[in-house]
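Quick notes on the structure that follows.
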Amino acid sequence: MQVPSHVEYERANSIDHALSLLTRPETRVLAGGHSLIPMMKLRLAQPELLVDINGLTELAFIRRDGDELRIGALARHADLLDSAVAGECFPIFHDAERVVADPIVRLWGTIGGSLCQADPSEDLSAVFAAVRATAVIRGQAGDRTVPVREFHLGPYETVVGPGELLAEIRVPVRSGTGSAYEKVSRRVGDWSIAAAGAVLQLDGAPERPVVVSAGLGLTAVGAEHFVAAEAEEFLRGRAADEEAFAAAAEIAAEHCHPAADQRGPEDYKRHLVAELTTRALRRAAARVTLEP
Amino acid sequence: MTIRVAVTVNGTEYARDVEPRLLLIHFIRDELGLTGSHWGCDTSNCGSCVMWLDATPVKSCTVLAAMADGRTVRTVEGLEQDGRLDPVQQGFIECHGLQCGFCTSGMLMTARWLLDHHPDPDEAEIREVISGQVCRCTGYENIVRSVRWAADFERSGRPNRGGPDRGGREPA
Amino acid sequence: MTHPDGSAPSPGRGFGRRLRKEDQRFIRGQGLYVDDVRLPGMLHGAVLRSPHPHARILSVDTVAAQAHPKVKAVITGETLASLNLAWMPTLSGDTQAVLATDKVRFQGQEVAFVVAEDRYSARDALELIVVDYEPLPAVVDARRALDAGAPLIRDDQPGRATNHIFDWEAGDAQATEAVFRDAEVTVAQDMLYPRVHPAPLETCGAVADFDRVTGKLTIWETAQAPHAHRTLYAMVSGVPEHKIRVISPDIGGGFGNKVPIYPGYLCAIAGSMITSRPVKWMEDRSENLMSGSFARDFHMRGELAATRDGRIRAVRVTVLADHGAFNGTAQPSKFPAGFFSVFTGSYDLEAAYCQVTGVYTNKAPGGVAYSCSFRVTEAVYLVERMVDLLALELGLDPAELRLRNLLRPEQFPYTCQTGWVYDSGDYPRTLRLAMELAGYDDLRKEQEAERAAGRLMGIGVSFFTEAVGAGPRTHMDILGLGMADGVELRMHPTGTAVLRISVQTQGQGHETTFAQIVAEELGISPDDVEVVHGDTDQTPFGLGTYGSRSTPVSGAATAIAARKLRDHARLIAAAMLEVDAADLDWERGRWFVRGDPDQGRTITEIALAAHSSLELPEGVEGHLDASCVYSPPNLTYPCGAYICVVDVDPGTGKVSVRRFVAVDDCGVRINPMIVEGQVHGGLADGIGMALMEVIAFDDDGNCLGGSFMDYLLPTSLECPSWELGETVTPSPHHPIGAKGVGESATVGSPPAVVNAVIDALRPYGVRHADMPLTPAQVWRAIQGRPFRTDLAIS
């Protein structure tokens, strides 16, 4: 088995302690480690210092606070999958977590870790973009918030700077919302060939709903900020029907940048975007409860 | 440079000075000589390294020994208690749930955790929980049956007579 | 089943479902695998590998690595050359670089070896070695390997001008052409059996310990053929064979991947000789996938000639075999394309012909691995796909077409058009049972309804004839070592026994099944038989375990040795009872006087007497030992009928395997539980290869399947619950009527899955698409544009 190069290790005993350690260059946060340690074993990442934050249990929560769902960065994938409150507000979380990695990895990998790893194929990046979440970044000077849609600067690069820690994700909860995630991979546990997450806020009569707002997240297809912005815009104000979904899906497929690789050629990936966006929209709409 | 890692493994306390980069699987195997857990890949896919860290199964090739400092670890060597095999171990024997044995320790630890939390899993749940662990020999069929055997055994309330050596015995 | 030599089996206490003895240590985590071996003073080795698929080596600078405080030695090709160890023979009579000297010829090839105090330091030290390469154009596409002007890979061989290795043919070209010329119907199809990898869960490795004082070399190895390795080491290392001990301890899966001698083993040996300490080398997974023996990589063109009413008349195949940079296929020397000529399949053909061309490419060596039974997987895939293509052409049901053409029981033993003598089988019965278990007619009705509703359901059939148990020693040898295997059986004075065998279990349960054979013959409990294997100091010579040969060869040897021992026991019993040996009969562990059954002696009593001071007749020796070196008169030919049901999502191309029914006929089953386990494992292989496994290369020769993130193995969620059945047609020439079975399911399942997927895509007019049928490939096939799976997707 491949092994990491030399590194130093410190265990943070408080958030402030972690933040002060994180000011040192070439320092990485160690939470679940299930994104970072594999990269260190392949020596694609060679930090000088690891700051173990697993003891900072105050960052491991999932709760509803009024009209916000708040997810601590140290919440594990399995926690999100098992969270009734998260699943009630946003079935998309359960859809996605069910197909992230595998059951054992989900016990250790964290929400924060996955977002901060910023892999272009990370399912949660698209999911949190779709739900229009906000990242809360804690620094020695206090907290700052960044929309998740602005959180990623590029592959493996986020706005979290030295001396900062992603503390939590906040998701606005609106009535009349349904959500879903559709993913295709070559095999269970593999990264997505492509995936689409849809969040629909609907209004109007239950038999003729109208889209108030749409959140469309795309995984692994080079969508800017993991979002199908043009398709979202298209759907706003439109009747939430098959025709609109299909048209939005085409727009989403047109505006992403899938690259051919061993998961598939470009034409197939683009087709998948259309297909999966349609399916996600359909299921998201079906999960909306509108008062007559 | 080294750091001190103190871990309680299968009820016994150990402390070693190790490099911070040392992976937990290597700590358990090479430092402590507990070679019942294995490694089989570079990318956290195969699951032959699964053991418990504080009562939660973990792919021990993907955590540092340092992360286990002050915590408890349970490996396959810790399943047998007072000379009695755990029902999951007995199940794997009864149902031919292993062939080469290399994935087995990881499968056993996951099975034990599953039954501790879901004492009556159906086939789909068993397949789901082991879906992050690879077996090249069994085609998974008998692993599923072995876990079901253990679940049935535990639910039957029969006393666990477990061991001693029952290999090769006449079929019932 | 009376053996041709006249010995007869005797119903004893052996065969049947029996729990495995070896499980006791494995479920406690007390197996001993090579990486578990820890010796005092042991050092760790690591291999530096080439990033280039083809490059000249200008210089190798090891100064910085040698200066690393924990490094004890750095070995290069130059070091080995001075010991005459830089090149080693392969199992195919070629040579392979142990550590590259002039050039590197595949990405991942061994260039240097570091020996350090621990595995982490060894890995660090690799980064301190500086190699200056001059990259060369690489041959990546096997179909271009023989182009004029193709880069020459093996310029180490004097006089070589091309990348051509061999041409080989079997069957009758002219007779076959005559049939094709006047055939009413012909179908043809190009098909690739892509490069895949056995990927046993335990990677390959060794601990070498050369004792300077005694001159003894002890090497723990992940080896499926420890004795053959010992002989080869003696030829190559300068240590005489009686001073070499190879120990294969517990092995975490082999599947053919652990047959070859890898450069890492020789480097460990050299490292031990240089440092005077034991040296352990364990490869990591990427090394295993990128440099360890791959499997398949056959580019095939199949043709089938038939009558309009569905009688198959002839099959013709042309094959381009990609052997990688060194010809290291592990197969009998007279069979450069293995047993591929069994592509005649399970049908009565008028004629058949195949032509195989082997070429070098800038890829890892190998080819014969992954439960291929020496290329039988390729042969079965070819013929079973062709039969389905004929069914499509004629508008016939594929099961019905097979039933019309399968060999009939009265035709056995059957000599096929390429010379194999199939020993026994009742093929129609086997297929009918599979159809019954599957509810075949109902499945076809359901498929009609699904198709009408726009859903894609597929049913795939595969019928295979396997050829296993190599083999008759005058026809089959590996590097000149005839494929006979020896066993030694000894009964102790107190009536328990020890059996020493030459074959090497890697999970197949030999400690249990071989004990069962002895138990069956001698009427004692399998618990009373200790099976010793894996240590060349303690076991007789043999060619090891692969090609499903353990039961056909060593199983036969065991039965015969047990019968010899029983016959010797008869002479002892006669002396004990003071009667003529001819007056004794045997039943259930006891020789007794015919007509006076109370007068008898159990085998246990006889064992004690044999070691006592009992007076024995002239020429009869004491003790109760027997041995046998068995050269099988023929291979054995297990068969099977497999039916796979799939559902395909046309919007995504995702294939879901709903059901898999497998009826196997491997003759007499020693332990049905173990046989079924072997089948289960092989069926999972079929899903893997058909749907997700491939080692592809990009234009620059980069290996794209170098980790388990890219080389995908099936999990519990891709596999259905297997539905098994059995028929039993004993092998007439095997002492217990048994045939091999270890690889049957791996051979028979890929075509069943592929046939099912293609069947599902029938509404789109899809004839064929190459494995793996990933979602992308399936979707593309639906569009009419499937792609080549051995190259990078673009």
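Starting from 1 in every chain, residues are counted up; chains themselves are A, B, ... following the order of the structure tokens, and ligands are numbered from 1 as listed.
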
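Every protein, DNA or RNA residue with an atom at most 8 Å from stretch 90-101 of chain A, where only C-alpha atoms count and chain neighbours fewer than 4 positions away do not, is listed here: His77, Ala78, Leu80, Leu81, Asp82, Ala86, Val105, Arg106, Asp123, Leu124, Val127, Gly178, Ser179, Ala180, Tyr181, Glu182, Lys183, Val188, Gly189, Asp190, Trp191, Gly197, Ala198 and Val199 of chain A; Gly132 of chain B.
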
Taking only C-alpha atoms into account, which residues of chain A are within 8 Å of chain C, as a PyMOL selection string?
-> chain A and resi 1-3+5+184-188+190+260-266+268+272+275

Compile the residues of chain B that lie within 8 Å of chain C, evaluated using only C-alpha atoms, and express the compilation as number ranges by chain.
-> B: 29, 35-37, 39-43, 45-46, 48, 76-77, 79-80, 89, 92-94, 96, 98-105, 108, 127-128, 130-142, 165-171

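Here atom CA of C:Asn702 is placed at a distance of 24.7 Å from atom CA of C:Ala330.
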
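Each of A:Pro47, A:Gly55, A:Gly112, A:Pro103 was compared to chain B using only C-alpha atoms, and A:Pro103 turns out to be the nearest.
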
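A straight line drawn from atom CA of C:Thr62 to atom CA of C:Gly45 is 14.8 Å long.
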
Give the strand (DSSP E) residues of stretch 3-220 of chain A, as assigned by DSSP on the backbone, as a compact mmCIF listing (two decimals) with N, CA and C atoms, in the first residue's frame.
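In the end it all went to result.txt:
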# COMPACT_ATOMS: atom_id res chain seq x y z
N GLU A 8 3.78 16.55 10.16
CA GLU A 8 3.59 16.72 11.60
C GLU A 8 2.11 16.67 11.93
N TYR A 9 1.82 16.42 13.19
CA TYR A 9 0.43 16.22 13.59
C TYR A 9 0.16 16.94 14.90
N GLU A 10 -0.93 17.68 14.90
CA GLU A 10 -1.37 18.31 16.14
C GLU A 10 -2.85 18.06 16.31
N ARG A 11 -3.25 17.85 17.53
CA ARG A 11 -4.68 17.66 17.78
C ARG A 11 -5.23 18.95 18.38
N THR A 27 -0.45 23.79 5.91
CA THR A 27 -1.17 23.09 6.97
C THR A 27 -2.55 22.73 6.48
N ARG A 28 -2.98 21.52 6.78
CA ARG A 28 -4.30 21.09 6.34
C ARG A 28 -5.12 20.63 7.52
N VAL A 29 -6.43 20.82 7.40
CA VAL A 29 -7.36 20.33 8.40
C VAL A 29 -7.53 18.83 8.22
N LEU A 30 -7.49 18.10 9.32
CA LEU A 30 -7.74 16.66 9.29
C LEU A 30 -9.02 16.40 10.05
N LEU A 49 1.87 20.04 8.05
CA LEU A 49 1.22 19.87 9.35
C LEU A 49 -0.25 19.51 9.15
N LEU A 50 -0.70 18.56 9.94
CA LEU A 50 -2.12 18.22 9.96
C LEU A 50 -2.70 18.64 11.30
N VAL A 51 -3.86 19.29 11.25
CA VAL A 51 -4.55 19.69 12.47
C VAL A 51 -5.80 18.84 12.61
N ASP A 52 -5.77 17.94 13.56
CA ASP A 52 -6.88 17.00 13.77
C ASP A 52 -7.98 17.72 14.55
N ILE A 62 -26.60 18.71 13.34
CA ILE A 62 -27.56 18.93 12.25
C ILE A 62 -28.85 19.34 12.93
N ARG A 63 -29.29 20.56 12.70
CA ARG A 63 -30.52 20.99 13.37
C ARG A 63 -31.24 22.07 12.59
N ARG A 64 -32.50 22.16 12.86
CA ARG A 64 -33.35 23.19 12.26
C ARG A 64 -33.43 24.36 13.23
N ASP A 65 -33.14 25.52 12.70
CA ASP A 65 -33.21 26.75 13.50
C ASP A 65 -34.14 27.72 12.78
N GLU A 68 -34.01 27.94 8.90
CA GLU A 68 -32.71 27.48 8.40
C GLU A 68 -32.42 26.07 8.88
N LEU A 69 -31.84 25.28 8.00
CA LEU A 69 -31.28 24.00 8.42
C LEU A 69 -29.78 24.25 8.57
N ARG A 70 -29.25 23.89 9.71
CA ARG A 70 -27.83 24.16 9.97
C ARG A 70 -27.07 22.85 10.12
N ILE A 71 -26.02 22.73 9.36
CA ILE A 71 -25.23 21.50 9.35
C ILE A 71 -23.80 21.85 9.72
N GLY A 72 -23.34 21.32 10.81
CA GLY A 72 -21.96 21.58 11.23
C GLY A 72 -20.98 20.88 10.29
N THR A 134 -25.37 28.49 2.35
CA THR A 134 -24.34 29.47 2.67
C THR A 134 -23.30 28.81 3.56
N ALA A 135 -22.03 29.04 3.25
CA ALA A 135 -20.96 28.50 4.07
C ALA A 135 -20.56 29.53 5.13
N VAL A 136 -20.41 29.04 6.36
CA VAL A 136 -19.94 29.93 7.44
C VAL A 136 -18.49 29.58 7.71
N ILE A 137 -17.62 30.56 7.46
CA ILE A 137 -16.18 30.34 7.62
C ILE A 137 -15.71 31.08 8.85
N ARG A 138 -15.08 30.33 9.74
CA ARG A 138 -14.64 30.95 11.01
C ARG A 138 -13.16 31.25 10.93
N GLY A 139 -12.83 32.47 11.34
CA GLY A 139 -11.42 32.85 11.42
C GLY A 139 -11.12 33.42 12.79
N GLY A 142 -13.35 36.16 13.60
CA GLY A 142 -14.80 35.94 13.65
C GLY A 142 -15.28 35.18 12.43
N ASP A 143 -16.61 35.21 12.22
CA ASP A 143 -17.20 34.46 11.13
C ASP A 143 -17.41 35.33 9.90
N ARG A 144 -17.33 34.69 8.73
CA ARG A 144 -17.80 35.35 7.50
C ARG A 144 -18.62 34.32 6.73
N THR A 145 -19.55 34.83 5.95
CA THR A 145 -20.39 33.89 5.19
C THR A 145 -20.11 34.05 3.70
N VAL A 146 -20.16 32.94 3.02
CA VAL A 146 -19.95 32.90 1.58
C VAL A 146 -21.00 31.98 0.98
N PRO A 147 -21.75 32.44 -0.01
CA PRO A 147 -22.68 31.50 -0.64
C PRO A 147 -21.91 30.30 -1.17
N HIS A 152 -16.34 27.54 -4.22
CA HIS A 152 -15.29 26.84 -4.95
C HIS A 152 -14.67 27.74 -5.99
N LEU A 153 -13.34 27.81 -5.97
CA LEU A 153 -12.63 28.64 -6.94
C LEU A 153 -12.21 27.83 -8.15
N GLY A 154 -12.14 26.54 -7.99
CA GLY A 154 -11.70 25.65 -9.07
C GLY A 154 -11.47 24.29 -8.48
N GLU A 157 -9.84 23.77 -4.94
CA GLU A 157 -9.52 25.10 -4.43
C GLU A 157 -10.78 25.79 -3.93
N THR A 158 -10.74 26.25 -2.67
CA THR A 158 -11.89 26.96 -2.12
C THR A 158 -11.46 28.31 -1.57
N GLU A 164 -8.26 29.83 8.70
CA GLU A 164 -9.72 29.75 8.66
C GLU A 164 -10.17 28.31 8.65
N LEU A 165 -11.42 28.15 9.07
CA LEU A 165 -12.01 26.81 9.16
C LEU A 165 -13.45 26.90 8.69
N LEU A 166 -13.88 26.00 7.82
CA LEU A 166 -15.31 25.94 7.49
C LEU A 166 -16.03 25.42 8.73
N ALA A 167 -16.97 26.18 9.25
CA ALA A 167 -17.62 25.82 10.51
C ALA A 167 -18.98 25.16 10.29
N GLU A 168 -19.77 25.73 9.40
CA GLU A 168 -21.08 25.13 9.17
C GLU A 168 -21.64 25.55 7.83
N ILE A 169 -22.69 24.84 7.42
CA ILE A 169 -23.44 25.19 6.22
C ILE A 169 -24.86 25.53 6.65
N ARG A 170 -25.38 26.60 6.14
CA ARG A 170 -26.76 26.96 6.47
C ARG A 170 -27.60 26.91 5.21
N VAL A 171 -28.74 26.26 5.35
CA VAL A 171 -29.61 26.05 4.19
C VAL A 171 -30.97 26.68 4.47
N PRO A 172 -31.41 27.58 3.60
CA PRO A 172 -32.72 28.21 3.82
C PRO A 172 -33.84 27.21 3.55
N THR A 177 -41.42 23.33 -1.05
CA THR A 177 -40.18 22.92 -1.73
C THR A 177 -40.07 21.40 -1.81
N GLY A 178 -39.61 20.94 -2.94
CA GLY A 178 -39.29 19.52 -3.11
C GLY A 178 -37.90 19.43 -3.73
N SER A 179 -37.22 18.34 -3.48
CA SER A 179 -35.86 18.21 -4.02
C SER A 179 -35.54 16.75 -4.29
N ALA A 180 -34.59 16.55 -5.17
CA ALA A 180 -34.17 15.18 -5.53
C ALA A 180 -32.79 15.20 -6.15
N TYR A 181 -32.13 14.05 -6.10
CA TYR A 181 -30.79 13.91 -6.71
C TYR A 181 -30.77 12.65 -7.54
N GLU A 182 -30.20 12.74 -8.73
CA GLU A 182 -30.10 11.60 -9.63
C GLU A 182 -28.64 11.44 -10.05
N LYS A 183 -28.11 10.25 -9.82
CA LYS A 183 -26.69 10.04 -10.12
C LYS A 183 -26.51 8.76 -10.92
N VAL A 184 -25.63 8.78 -11.87
CA VAL A 184 -25.23 7.55 -12.56
C VAL A 184 -23.74 7.38 -12.40
N ALA A 194 -22.08 11.52 -14.22
CA ALA A 194 -22.76 12.81 -14.14
C ALA A 194 -23.86 12.66 -13.12
N ALA A 195 -24.24 13.78 -12.53
CA ALA A 195 -25.34 13.73 -11.57
C ALA A 195 -26.04 15.08 -11.59
N ALA A 196 -27.31 15.06 -11.26
CA ALA A 196 -28.07 16.30 -11.22
C ALA A 196 -28.93 16.35 -9.97
N GLY A 197 -28.91 17.51 -9.33
CA GLY A 197 -29.75 17.73 -8.17
C GLY A 197 -30.72 18.87 -8.46
N ALA A 198 -31.97 18.66 -8.10
CA ALA A 198 -32.97 19.70 -8.36
C ALA A 198 -33.69 20.07 -7.07
N VAL A 199 -33.87 21.36 -6.89
CA VAL A 199 -34.66 21.87 -5.76
C VAL A 199 -35.70 22.82 -6.37
N LEU A 200 -36.95 22.50 -6.17
CA LEU A 200 -38.01 23.32 -6.74
C LEU A 200 -38.88 23.90 -5.63
N GLN A 201 -39.03 25.21 -5.71
CA GLN A 201 -40.04 25.81 -4.85
C GLN A 201 -41.22 26.17 -5.74
N LEU A 202 -42.36 25.58 -5.45
CA LEU A 202 -43.53 25.74 -6.29
C LEU A 202 -44.62 26.52 -5.57
N ASP A 203 -45.49 27.04 -6.38
CA ASP A 203 -46.61 27.83 -5.85
C ASP A 203 -47.81 27.57 -6.73
N VAL A 210 -46.58 26.32 -10.30
CA VAL A 210 -45.67 27.22 -11.00
C VAL A 210 -44.36 27.29 -10.22
N VAL A 211 -43.29 27.42 -10.92
CA VAL A 211 -41.98 27.45 -10.28
C VAL A 211 -41.71 28.83 -9.70
N VAL A 212 -41.52 28.88 -8.41
CA VAL A 212 -41.11 30.14 -7.78
C VAL A 212 -39.60 30.29 -7.94
N SER A 213 -38.89 29.24 -7.57
CA SER A 213 -37.45 29.24 -7.81
C SER A 213 -36.96 27.82 -8.02
N ALA A 214 -35.92 27.71 -8.77
CA ALA A 214 -35.33 26.40 -9.06
C ALA A 214 -33.86 26.45 -8.70
N GLY A 215 -33.41 25.38 -8.08
CA GLY A 215 -31.98 25.22 -7.85
C GLY A 215 -31.54 23.96 -8.59
N LEU A 216 -30.57 24.11 -9.49
CA LEU A 216 -30.12 22.94 -10.24
C LEU A 216 -28.61 22.78 -10.06
N GLY A 217 -28.21 21.70 -9.44
CA GLY A 217 -26.80 21.43 -9.23
C GLY A 217 -26.35 20.31 -10.15
N LEU A 218 -25.17 20.46 -10.73
CA LEU A 218 -24.64 19.43 -11.62
C LEU A 218 -23.27 18.98 -11.13
N THR A 219 -23.06 17.69 -11.13
CA THR A 219 -21.81 17.12 -10.62
C THR A 219 -20.98 16.54 -11.75

Which neighbours of C:Leu390 fall inside 9 Å, counting only C-alpha atoms, when residues of the same chain fewer than 2 positions from it are skipped, and could you give them as a PyMOL selection string?
-> chain C and resi 185-187+304-306+310+312+385-388+392-396+398+401

Leaving out stretch 159-161 of chain C and any residue of its chain fewer than 6 positions from it, which residues lie within 12 Å of it when counting only C-alpha atoms, given as JSON, numbers by chain?
-> {"C": [145, 146, 147, 148, 149, 150, 151, 152, 153, 360]}

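Between atom CA of C:Ala391 and atom CA of C:Val778 the interatomic distance comes to 20.8 Å.
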
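For the set A:Phe61, A:Trp108, A:Phe234, A:Phe226, the residue with the smallest atom-to-atom gap to chain B is A:Trp108, counting only C-alpha atoms.
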
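Shortest atom-to-atom contact with chain B among A:Pro4, A:Pro120, A:Gly113, A:Pro258: A:Pro4, counting only C-alpha atoms.
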
Apply DSSP to the backbone of this structure and, from chain B, keep only the residues in helix (DSSP H, G or I); write these as a PyMOL selection string.
-> chain B and resi 24-31+60-62+65-68+76-78+87-94+104-117+123-129+141-156
